[in-house]
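Next up, input26.cif (mmCIF, C-alpha atoms):
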data_final
loop_
_atom_site.label_atom_id
_atom_site.label_comp_id
_atom_site.auth_asym_id
_atom_site.auth_seq_id
_atom_site.Cartn_x
_atom_site.Cartn_y
_atom_site.Cartn_z
CA MET A 31 41.32 -107.56 -16.63
CA LYS A 32 43.28 -108.68 -19.65
CA HIS A 33 41.69 -108.81 -23.07
CA PRO A 34 41.78 -112.28 -24.71
CA CYS A 35 44.05 -110.93 -27.44
CA GLU A 36 46.55 -109.82 -24.79
CA ILE A 37 46.37 -113.23 -23.10
CA ILE A 38 47.10 -115.09 -26.34
CA TYR A 39 49.81 -112.59 -27.33
CA GLU A 40 51.55 -113.07 -24.01
CA ALA A 41 51.18 -116.82 -24.20
CA GLY A 42 52.79 -117.29 -27.58
CA ALA A 43 53.50 -114.29 -29.81
CA ASP A 44 57.10 -113.89 -28.65
CA GLY A 45 56.76 -110.11 -28.79
CA LEU A 46 55.83 -110.08 -32.49
CA PHE A 47 55.82 -106.52 -33.79
CA TYR A 48 53.47 -105.09 -36.43
CA GLY A 49 53.86 -101.32 -35.85
CA ASN A 50 54.96 -98.68 -33.36
CA THR A 51 52.21 -96.08 -33.51
CA ASP A 52 51.02 -95.11 -30.05
CA GLY A 53 47.34 -94.80 -29.22
CA ILE A 54 44.30 -96.58 -27.85
CA CYS A 55 43.56 -99.96 -29.42
CA ARG A 56 40.08 -100.21 -30.95
CA ILE A 57 40.00 -103.94 -30.21
CA THR A 58 41.28 -104.10 -26.63
CA GLY A 59 40.34 -100.57 -25.57
CA LYS A 60 43.76 -100.07 -23.97
CA GLU A 61 46.72 -97.82 -24.57
CA SER A 62 49.34 -99.60 -26.58
CA THR A 63 51.41 -99.50 -29.75
CA GLY A 64 50.56 -100.90 -33.13
CA ILE A 65 49.23 -99.89 -36.55
CA PRO A 66 46.87 -96.98 -37.32
CA PHE A 67 43.42 -98.58 -37.34
CA ILE A 68 42.39 -96.83 -40.53
CA ASN A 69 45.36 -98.37 -42.39
CA TRP A 70 44.57 -101.82 -41.08
CA VAL A 71 40.80 -102.19 -41.24
CA LYS A 72 39.15 -103.56 -44.38
CA LYS A 73 35.75 -102.66 -45.80
CA THR A 74 34.64 -106.20 -45.11
CA PHE A 75 34.98 -105.72 -41.32
CA THR A 76 31.42 -105.54 -40.02
CA ASP A 77 31.79 -106.07 -36.28
CA GLN A 78 31.82 -102.34 -35.56
CA GLY A 79 29.81 -102.90 -32.42
CA PHE A 80 32.72 -104.64 -30.75
CA LEU A 81 35.13 -101.75 -31.27
CA PHE A 82 36.30 -99.27 -28.64
CA PRO A 83 36.93 -95.62 -29.36
CA GLY A 84 40.57 -95.32 -30.39
CA THR A 85 43.01 -94.83 -33.21
CA ILE A 86 45.17 -97.94 -33.54
CA ILE A 87 45.05 -101.71 -33.56
CA SER A 88 47.61 -102.90 -31.06
CA ASN A 89 50.26 -105.51 -31.76
CA GLU A 90 48.40 -107.84 -29.40
CA ALA A 91 45.16 -107.56 -31.37
CA ALA A 92 46.83 -107.54 -34.79
CA PHE A 93 48.43 -110.86 -33.91
CA CYS A 94 44.96 -112.37 -33.35
CA PHE A 95 43.77 -111.15 -36.74
CA ASP A 96 46.85 -112.34 -38.60
CA GLU A 97 45.97 -113.84 -41.96
CA ALA A 98 49.41 -115.35 -42.50
CA SER A 99 50.91 -116.26 -39.17
CA ASP A 100 54.21 -118.11 -38.98
CA ILE A 101 53.64 -118.81 -35.30
CA VAL A 102 50.29 -120.52 -35.97
CA MET A 103 51.97 -122.39 -38.84
CA LEU A 104 54.55 -123.79 -36.44
CA LYS A 105 51.95 -124.64 -33.81
CA SER A 106 49.71 -126.43 -36.29
CA GLY A 107 52.57 -128.23 -38.02
CA LYS A 108 51.67 -126.89 -41.46
CA ASP A 109 54.11 -125.79 -44.14
CA LYS A 110 52.53 -122.41 -44.99
CA PRO A 111 51.65 -119.38 -42.85
CA GLN A 112 48.17 -119.93 -41.41
CA ARG A 113 45.14 -117.76 -40.75
CA PHE A 114 44.63 -117.20 -37.03
CA ARG A 115 40.84 -117.43 -37.42
CA THR A 116 40.98 -120.90 -39.00
CA TYR A 117 41.83 -122.48 -35.65
CA SER A 118 40.19 -123.10 -32.31
CA HIS A 119 42.30 -121.56 -29.59
CA VAL A 120 42.70 -123.05 -26.14
CA ILE A 121 44.92 -122.05 -23.27
CA ASP A 122 45.28 -125.06 -21.04
CA SER A 123 45.39 -125.17 -17.26
CA ASN A 124 49.19 -124.70 -17.37
CA GLY A 125 48.88 -121.52 -19.40
CA VAL A 126 50.05 -123.08 -22.67
CA TRP A 127 48.37 -121.84 -25.84
CA HIS A 128 47.19 -124.45 -28.40
CA CYS A 129 45.77 -124.12 -31.93
CA PHE A 130 43.38 -126.92 -32.86
CA THR A 131 41.30 -128.04 -35.80
CA LYS A 132 38.05 -130.00 -35.70
CA SER A 133 39.95 -133.25 -35.84
CA ASP A 134 41.38 -132.51 -32.38
CA LYS A 135 38.06 -132.57 -30.54
CA SER A 136 39.06 -135.33 -28.14
CA ILE A 137 42.14 -133.34 -27.03
CA ILE A 138 40.12 -130.13 -26.77
CA TYR A 139 37.56 -131.95 -24.63
CA GLN A 140 40.24 -133.32 -22.31
CA MET A 141 41.77 -129.88 -21.93
CA ILE A 142 38.43 -128.34 -21.06
CA LEU A 143 37.87 -131.03 -18.45
CA SER A 144 41.30 -130.28 -17.02
CA GLY A 145 40.32 -126.67 -16.45
CA ALA A 146 41.45 -124.81 -19.58
CA LYS A 147 41.84 -121.08 -18.94
CA LEU A 148 40.64 -119.89 -22.35
CA VAL A 149 38.33 -121.80 -24.70
CA CYS A 150 37.51 -120.17 -28.02
CA LEU A 151 36.30 -122.77 -30.52
CA THR A 152 35.28 -122.39 -34.13
CA ASP A 153 33.30 -124.69 -36.34
CA SER A 154 33.74 -122.98 -39.69
CA GLY A 155 37.04 -121.19 -39.15
CA GLN A 156 35.74 -118.35 -41.28
CA LYS A 157 35.10 -115.61 -38.74
CA HIS A 158 37.43 -113.70 -36.46
CA LEU A 159 36.27 -114.79 -33.02
CA LEU A 160 38.97 -114.28 -30.47
CA PHE A 161 38.57 -110.51 -30.20
CA LYS A 162 34.94 -111.13 -29.20
CA HIS A 163 35.82 -113.71 -26.58
CA LYS A 164 34.65 -113.12 -23.02
CA VAL A 165 37.30 -114.30 -20.62
CA GLY A 166 35.91 -116.87 -18.21
CA LEU A 167 33.28 -118.25 -20.61
CA TRP A 168 33.53 -121.09 -23.08
CA GLN A 169 32.95 -119.95 -26.64
CA LEU A 170 31.90 -121.80 -29.78
CA ASP A 171 31.52 -119.36 -32.67
CA ASP A 172 28.82 -116.94 -31.46
CA ILE A 173 27.76 -119.13 -28.53
CA TYR A 174 29.00 -118.36 -25.04
CA VAL A 175 28.35 -120.72 -22.14
CA ASN A 176 29.16 -120.63 -18.46
CA PRO A 177 31.82 -123.21 -17.63
CA ASN A 178 30.36 -126.28 -15.93
CA ILE A 179 32.80 -129.16 -16.13
CA GLU A 180 30.54 -131.57 -14.24
CA LEU A 181 27.56 -131.01 -16.52
CA LEU A 182 29.77 -131.12 -19.60
CA SER A 183 31.29 -134.46 -18.64
CA GLN A 184 27.88 -135.96 -17.79
CA LEU A 185 26.21 -134.81 -21.01
CA HIS A 186 29.22 -135.67 -23.13
CA ALA A 187 29.46 -139.19 -21.70
CA GLN A 188 25.79 -139.85 -22.42
CA MET A 189 26.04 -138.50 -25.95
CA MET A 190 29.19 -140.50 -26.64
CA GLU A 191 27.36 -143.61 -25.46
CA LEU A 192 24.60 -142.87 -27.99
CA LEU A 193 27.23 -142.57 -30.71
CA ARG A 194 28.74 -145.87 -29.59
CA LEU A 195 25.29 -147.46 -29.78
CA GLY A 196 25.13 -146.49 -33.44
CA PHE A 197 23.17 -143.23 -33.41
CA SER A 198 24.35 -140.31 -35.51
CA GLN A 199 25.36 -136.89 -34.29
CA ALA A 200 22.44 -135.43 -36.26
CA GLU A 201 20.00 -137.67 -34.37
CA ILE A 202 21.47 -136.65 -31.01
CA ILE A 203 21.28 -132.97 -31.91
CA SER A 204 17.74 -133.06 -33.32
CA GLY A 205 16.21 -135.69 -31.04
CA LYS A 206 14.70 -137.33 -34.11
CA TYR A 207 15.94 -140.88 -34.06
CA LEU A 208 15.60 -143.56 -36.71
CA GLN A 209 13.49 -146.41 -35.41
CA TYR A 210 15.75 -149.17 -36.65
CA ARG A 211 18.67 -147.69 -34.75
CA ILE A 212 16.62 -147.73 -31.56
CA LEU A 213 15.74 -151.36 -32.18
CA ASN A 214 19.43 -152.18 -32.75
CA ALA A 215 20.56 -150.32 -29.66
CA GLY A 216 17.79 -151.53 -27.37
CA MET A 217 14.88 -149.34 -26.40
CA GLU A 218 15.56 -149.26 -22.67
CA LYS A 219 19.16 -148.13 -23.10
CA TRP A 220 18.18 -145.48 -25.62
CA LYS A 221 15.26 -144.22 -23.56
CA THR A 222 17.32 -143.91 -20.38
CA ILE A 223 20.02 -141.84 -22.08
CA GLU A 224 17.60 -139.77 -24.14
CA GLN A 225 15.62 -138.88 -21.01
CA ASN A 226 18.82 -137.58 -19.40
CA ILE A 227 19.89 -135.38 -22.28
CA LYS A 228 16.50 -134.24 -23.51
CA PRO A 229 15.99 -131.42 -20.95
CA PHE A 230 19.15 -129.74 -22.26
CA ARG A 231 18.32 -129.98 -25.98
CA GLY A 232 17.93 -126.53 -27.49
CA SER A 233 20.20 -124.89 -24.94
CA GLN A 234 23.52 -123.36 -25.90
CA PHE A 235 25.28 -125.71 -23.51
CA PHE A 236 23.79 -128.66 -25.39
CA THR A 237 25.03 -127.24 -28.72
CA PHE A 238 28.47 -126.65 -27.23
CA THR A 239 28.61 -130.23 -25.94
CA THR A 240 27.47 -131.80 -29.21
CA TRP A 241 30.25 -129.96 -31.02
CA LEU A 242 32.72 -131.79 -28.79
CA LEU A 243 31.49 -135.23 -29.89
CA TYR A 244 33.95 -137.32 -31.83
CA THR A 245 34.09 -140.80 -33.24
CA GLN A 246 36.54 -143.35 -31.91
CA LYS A 247 38.33 -143.20 -35.29
CA GLN A 248 38.98 -139.50 -34.76
CA GLN A 249 40.22 -140.20 -31.29
CA SER A 250 42.87 -142.60 -32.54
CA LEU A 251 44.23 -140.12 -35.07
CA MET B 1129 -3.41 -140.59 -14.42
CA MET B 1130 -2.42 -141.86 -17.84
CA SER B 1131 1.15 -142.75 -18.81
CA GLN B 1132 2.88 -142.58 -22.20
CA GLU B 1133 3.00 -146.36 -22.26
CA GLN B 1134 -0.75 -146.59 -21.68
CA VAL B 1135 -1.44 -144.14 -24.48
CA ALA B 1136 0.79 -146.16 -26.78
CA GLU B 1137 -0.98 -149.40 -25.85
CA ASN B 1138 -4.53 -148.11 -25.85
CA LEU B 1139 -4.53 -145.49 -28.58
CA LEU B 1140 -1.60 -145.98 -30.93
CA TRP B 1141 -1.62 -149.76 -30.93
CA PRO B 1142 -5.33 -149.92 -31.88
CA LEU B 1143 -4.73 -147.25 -34.53
CA TRP B 1144 -1.87 -149.30 -35.92
CA ARG B 1145 -4.10 -152.39 -36.04
CA CYS B 1146 -6.74 -150.38 -37.87
CA VAL B 1147 -4.41 -149.10 -40.61
CA THR B 1148 -5.68 -150.81 -43.74
CA ASP B 1149 -3.85 -153.91 -44.91
CA GLU B 1150 -3.64 -152.46 -48.38
CA TYR B 1151 -1.71 -149.43 -47.13
CA LYS B 1152 0.59 -151.59 -45.01
CA THR B 1153 1.35 -153.77 -47.98
CA ARG B 1154 1.85 -150.92 -50.40
CA TYR B 1155 4.29 -149.09 -48.10
CA LYS B 1156 5.78 -152.15 -46.48
CA ARG B 1157 9.33 -150.74 -46.24
CA GLU B 1158 8.51 -147.33 -44.85
CA ILE B 1159 5.22 -148.00 -43.10
CA TRP B 1160 6.63 -147.36 -39.62
CA ASP B 1161 8.05 -144.01 -40.68
CA HIS B 1162 4.68 -143.12 -42.21
CA PHE B 1163 2.98 -144.16 -39.00
CA GLU B 1164 5.35 -142.12 -36.83
CA ASN B 1165 4.97 -139.05 -39.03
CA ALA B 1166 1.18 -139.38 -38.98
CA VAL B 1167 1.12 -139.82 -35.20
CA ARG B 1168 3.21 -136.68 -34.77
CA SER B 1169 1.65 -134.41 -37.36
CA ALA B 1170 -1.93 -135.28 -36.41
CA ALA B 1171 -1.17 -134.09 -32.87
CA TYR B 1172 -0.93 -130.43 -33.89
CA THR B 1173 -4.46 -129.75 -32.77
CA GLY B 1174 -6.31 -128.92 -29.58
CA SER B 1175 -8.32 -132.03 -28.76
CA LEU B 1176 -7.98 -135.78 -28.95
CA LYS B 1177 -11.21 -136.06 -30.93
CA ALA B 1178 -9.74 -133.79 -33.59
CA TYR B 1179 -6.55 -135.86 -33.34
CA LEU B 1180 -8.42 -138.98 -34.42
CA THR B 1181 -9.90 -137.16 -37.39
CA ASN B 1182 -6.49 -135.74 -38.35
CA PHE B 1183 -4.88 -139.14 -38.09
CA GLN B 1184 -7.47 -140.71 -40.37
CA GLY B 1185 -6.79 -137.96 -42.87
CA ARG B 1186 -3.12 -138.92 -43.00
CA ILE B 1187 -3.26 -142.71 -43.12
CA PRO B 1188 -6.20 -144.84 -44.29
CA VAL B 1189 -7.74 -146.43 -41.21
CA ASP B 1190 -10.71 -148.77 -40.75
CA LEU B 1191 -11.65 -148.22 -37.11
CA GLN B 1192 -12.73 -151.61 -35.80
CA GLN B 1193 -15.39 -152.08 -33.17
CA GLN B 1194 -13.12 -154.31 -31.06
CA PHE B 1195 -10.78 -151.37 -30.37
CA MET B 1196 -13.36 -148.65 -29.81
CA LYS B 1197 -13.52 -149.07 -26.04
CA GLN B 1198 -9.74 -148.71 -25.69
CA ILE B 1199 -9.59 -145.69 -27.98
CA ARG B 1200 -12.54 -144.03 -26.27
CA GLY B 1201 -10.86 -144.60 -22.90
CA ILE B 1202 -7.97 -142.40 -24.01
CA VAL B 1203 -9.90 -139.84 -26.03
CA GLU B 1204 -12.30 -139.18 -23.17
CA CYS B 1205 -9.80 -139.27 -20.29
CA GLY B 1206 -9.64 -135.46 -20.15
CA MET B 1207 -5.86 -135.18 -20.53
CA ASP B 1208 -5.98 -133.84 -24.06
CA ASN B 1209 -3.20 -131.28 -23.78
CA GLU B 1210 -0.75 -133.55 -22.01
CA ILE B 1211 -1.37 -136.49 -24.32
CA LEU B 1212 -1.13 -134.31 -27.43
CA ASP B 1213 2.19 -132.98 -26.11
CA TRP B 1214 3.45 -136.55 -25.77
CA LEU B 1215 2.24 -137.43 -29.24
CA ARG B 1216 4.23 -134.49 -30.61
CA ASP B 1217 7.38 -134.74 -28.48
CA GLU B 1218 7.67 -138.40 -27.49
CA THR B 1219 6.51 -139.80 -30.81
CA THR B 1220 9.47 -142.03 -31.49
CA TYR B 1221 9.32 -143.63 -28.05
CA MET B 1222 5.58 -144.26 -28.22
CA VAL B 1223 5.73 -145.66 -31.75
CA MET B 1224 8.60 -147.90 -30.65
CA ILE B 1225 6.33 -149.30 -27.95
CA VAL B 1226 3.74 -150.10 -30.61
CA ARG B 1227 6.42 -151.63 -32.77
CA LEU B 1228 7.58 -153.86 -29.93
CA ILE B 1229 4.01 -154.91 -29.16
CA ASN B 1230 3.65 -155.79 -32.83
CA GLN B 1231 6.88 -157.75 -32.70
CA ASP B 1232 5.69 -159.71 -29.66
CA ARG B 1233 2.45 -160.45 -31.42
CA LYS B 1234 4.34 -161.59 -34.49
CA GLU B 1235 6.49 -163.93 -32.40
CA ALA B 1236 3.45 -165.31 -30.63
CA TYR B 1237 1.90 -166.17 -33.99
CA ASN B 1238 5.12 -167.71 -35.18
CA GLU B 1239 5.20 -169.94 -32.10
CA GLN B 1240 1.60 -170.87 -32.72
CA PHE B 1241 2.47 -171.62 -36.33
CA ASN B 1242 5.36 -173.86 -35.29
CA ASP B 1243 3.11 -175.80 -32.91
CA PHE B 1244 0.51 -176.65 -35.52
CA SER B 1245 0.36 -177.79 -39.08
CA PRO B 1246 1.09 -175.28 -41.88
CA GLU B 1247 -2.60 -175.04 -42.67
CA THR B 1248 -3.27 -173.29 -39.38
CA LYS B 1249 -0.96 -170.37 -40.23
CA PHE B 1250 -2.70 -167.14 -39.46
CA GLU B 1251 -2.63 -164.83 -42.41
CA ASN B 1252 -2.56 -161.19 -41.52
CA GLU B 1253 -0.82 -158.39 -43.35
CA ASP B 1254 -0.16 -156.74 -40.01
CA LEU B 1255 2.35 -159.39 -39.18
CA HIS B 1256 4.45 -158.81 -42.24
CA SER B 1257 5.15 -155.17 -41.41
#
Starting from the file, give its structure as structure tokens.
Amino acid sequence: MKHPCEIIYEAGADGLFYGNTDGICRITGKESTGIPFINWVKKTFTDQGFLFPGTIISNEAAFCFDEASDIVMLKSGKDKPQRFRTYSHVIDSNGVWHCFTKSDKSIIYQMILSGAKLVCLTDSGQKHLLFKHKVGLWQLDDIYVNPNIELLSQLHAQMMELLRLGFSQAEIISGKYLQYRILNAGMEKWKTIEQNIKPFRGSQFFTFTTWLLYTQKQQSL
Amino acid sequence: MMSQEQVAENLLWPLWRCVTDEYKTRYKREIWDHFENAVRSAAYTGSLKAYLTNFQGRIPVDLQQQFMKQIRGIVECGMDNEILDWLRDETTYMVMIVRLINQDRKEAYNEQFNDFSPETKFENEDLHS
């Protein structure tokens, strides 16, 4: 089974080369070529538990840790090399790799519904996530959920309706609603939707779904 | 078997009616938030009798004789745990029911007021909240 770093590298790195030292990659756990791990790793790297025994970081993995990537710059349409970790990474159902920011939530959501092959989303963009990704699951930062497109679309539709009725994302997440908003929206409508989403509140799937909420303004951007 | 709506009508609505007029007037703008918070926080106990005591410790209440039968009906129904769960987890919904009952009552008085001369206007601080 391919490591997520290998999948992304194949999908869009165009054979980018960081080093030619042979060995076993501490990120992917596979034999490859790259840079000696000891030369690459910084003291600030704390995810030791995710490392394999080995001596190098492969070109595939190094690409996914790149702090100044021209390829991500081109994909994101920016004018300076970009950090790989800043972006949410999605490989769509056609095998095309995309880099997204939080303003692209509507597109990300549509891609997930269409059967995206790799979904690794970040809220803060501060941590390296992709090397921890588990292929086949949907990831949001440190949350991993089993793909369930039907449940996602049902929950998401209900939550979006609450947003449309004037409730805030914070209210939907917490379940603590302001009374005047309920009065404005209509109690029956609110109650019906809230009853449907309430059983999922507190679950990781619920958190994942709420992250994918967007306002209509965002959608039109 | 008691429902959330019945608890709202027969416990929370009487409690709302018994909140002192002075308190309702003083906290006119945020009285419903106070009420919701009191309903929720008082429910962190093990029995409905203790709930009543807790509630009275959070908001000044003058329990009126006319509501005692309704309140007792809930407090002594033997569903303490389930009702306390509702009061903690379904607070907003149950308080909204009370709020709507209050609104209906307000409208009913307004209709009554429109039908009669201004002198017959029923003065009650409850209706202003």
- request: Would you give me, as a list in words, the residues of chain B that come within 9 Å of chain A, using all atoms listed in the file?
  value: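 Residues of chain B within 9 Å of chain A, counting all atoms listed in the file: Trp1160, Asp1161, Thr1220, Tyr1221, Val1223, Met1224, Ile1225 and Leu1228 of chain B.
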* Counting all atoms listed in the file, which of A:Ile38, A:Ile54, A:Leu182, A:Met189 gets nearest to Pro83 in chain A? ->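 Looking only at the distances to Pro83 in chain A, the closest residue turns out to be A:Ile54.
Considering only C-alpha atoms, the residue among A:Ile203, A:Cys129, A:Lys108, A:Glu97 positioned nearest to Gln156 in chain A is A:Glu97.
For the structure shown here, the set of residues caught by the PyMOL selection byres ((chain A and resi 61-74) around 10) is Phe47, Tyr48, Gly49, Asn50, Thr51, Asp52, Gly53, Ile54, Cys55, Arg56, Ile57, Thr58, Gly59, Lys60, Phe75, Thr76, Asp77, Gly84, Thr85, Ile86, Ile87, Ser88, Asn89, Glu90, Ala91 and Ala92 of chain A.
Against the coordinates shown, the PyMOL selection byres ((chain A and resi 124) around 10) returns Ile121, Asp122, Ser123, Gly125, Val126, Trp127, Ser144, Gly145, Ala146 and Lys147 of chain A.
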Pull the neighbourhood of (4.4, -151.8, -41.8) for me: all residues within 12 Å in file coordinates, counting only C-alpha atoms, as an mmCIF file with C-alpha atoms, in the frame of the given file.
data_model
loop_
_atom_site.group_PDB
_atom_site.id
_atom_site.type_symbol
_atom_site.label_atom_id
_atom_site.label_comp_id
_atom_site.auth_asym_id
_atom_site.auth_seq_id
_atom_site.Cartn_x
_atom_site.Cartn_y
_atom_site.Cartn_z
ATOM 1 C CA TRP B 1144 -1.870 -149.300 -35.920
ATOM 2 C CA ARG B 1145 -4.100 -152.390 -36.040
ATOM 3 C CA CYS B 1146 -6.740 -150.380 -37.870
ATOM 4 C CA VAL B 1147 -4.410 -149.100 -40.610
ATOM 5 C CA THR B 1148 -5.680 -150.810 -43.740
ATOM 6 C CA ASP B 1149 -3.850 -153.910 -44.910
ATOM 7 C CA GLU B 1150 -3.640 -152.460 -48.380
ATOM 8 C CA TYR B 1151 -1.710 -149.430 -47.130
ATOM 9 C CA LYS B 1152 0.590 -151.590 -45.010
ATOM 10 C CA THR B 1153 1.350 -153.770 -47.980
ATOM 11 C CA ARG B 1154 1.850 -150.920 -50.400
ATOM 12 C CA TYR B 1155 4.290 -149.090 -48.100
ATOM 13 C CA LYS B 1156 5.780 -152.150 -46.480
ATOM 14 C CA ARG B 1157 9.330 -150.740 -46.240
ATOM 15 C CA GLU B 1158 8.510 -147.330 -44.850
ATOM 16 C CA ILE B 1159 5.220 -148.000 -43.100
ATOM 17 C CA TRP B 1160 6.630 -147.360 -39.620
ATOM 18 C CA ASP B 1161 8.050 -144.010 -40.680
ATOM 19 C CA HIS B 1162 4.680 -143.120 -42.210
ATOM 20 C CA PHE B 1163 2.980 -144.160 -39.000
ATOM 21 C CA GLU B 1164 5.350 -142.120 -36.830
ATOM 22 C CA ILE B 1187 -3.260 -142.710 -43.120
ATOM 23 C CA VAL B 1223 5.730 -145.660 -31.750
ATOM 24 C CA VAL B 1226 3.740 -150.100 -30.610
ATOM 25 C CA ARG B 1227 6.420 -151.630 -32.770
ATOM 26 C CA ASN B 1230 3.650 -155.790 -32.830
ATOM 27 C CA GLN B 1231 6.880 -157.750 -32.700
ATOM 28 C CA ASN B 1252 -2.560 -161.190 -41.520
ATOM 29 C CA GLU B 1253 -0.820 -158.390 -43.350
ATOM 30 C CA ASP B 1254 -0.160 -156.740 -40.010
ATOM 31 C CA LEU B 1255 2.350 -159.390 -39.180
ATOM 32 C CA HIS B 1256 4.450 -158.810 -42.240
ATOM 33 C CA SER B 1257 5.150 -155.170 -41.410
#
- Task: Would you write out, as a PyMOL selection string, every residue that the PyMOL selection byres ((chain A and resi 185) around 12) captures in this file?
- Result: chain A and resi 178-184+186-192+202+223-231+235-243
Inset, instruction - Rounded to one decimal place, report the CA of Gln1134 in chain B-CA of Ala1236 in chain B distance in Å. - result: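 Between CA of Gln1134 in chain B and CA of Ala1236 in chain B the gap works out to 21.2 Å.
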query = What lies within 9 Å of Ser1169 in chain B using only C-alpha atoms, ignoring chain neighbours under 5 positions off, as a ChimeraX atom specification?
reply = /B:1164,1182-1183,1186,1215-1216
Centre and size of axis-aligned box enclosing range 140-159 of chain A plus 3 Å each side, as AutoDock Vina command-line options:
--center_x 37.6 --center_y -123.5 --center_z -28.9 --size_x 14.5 --size_y 25.6 --size_z 30.8
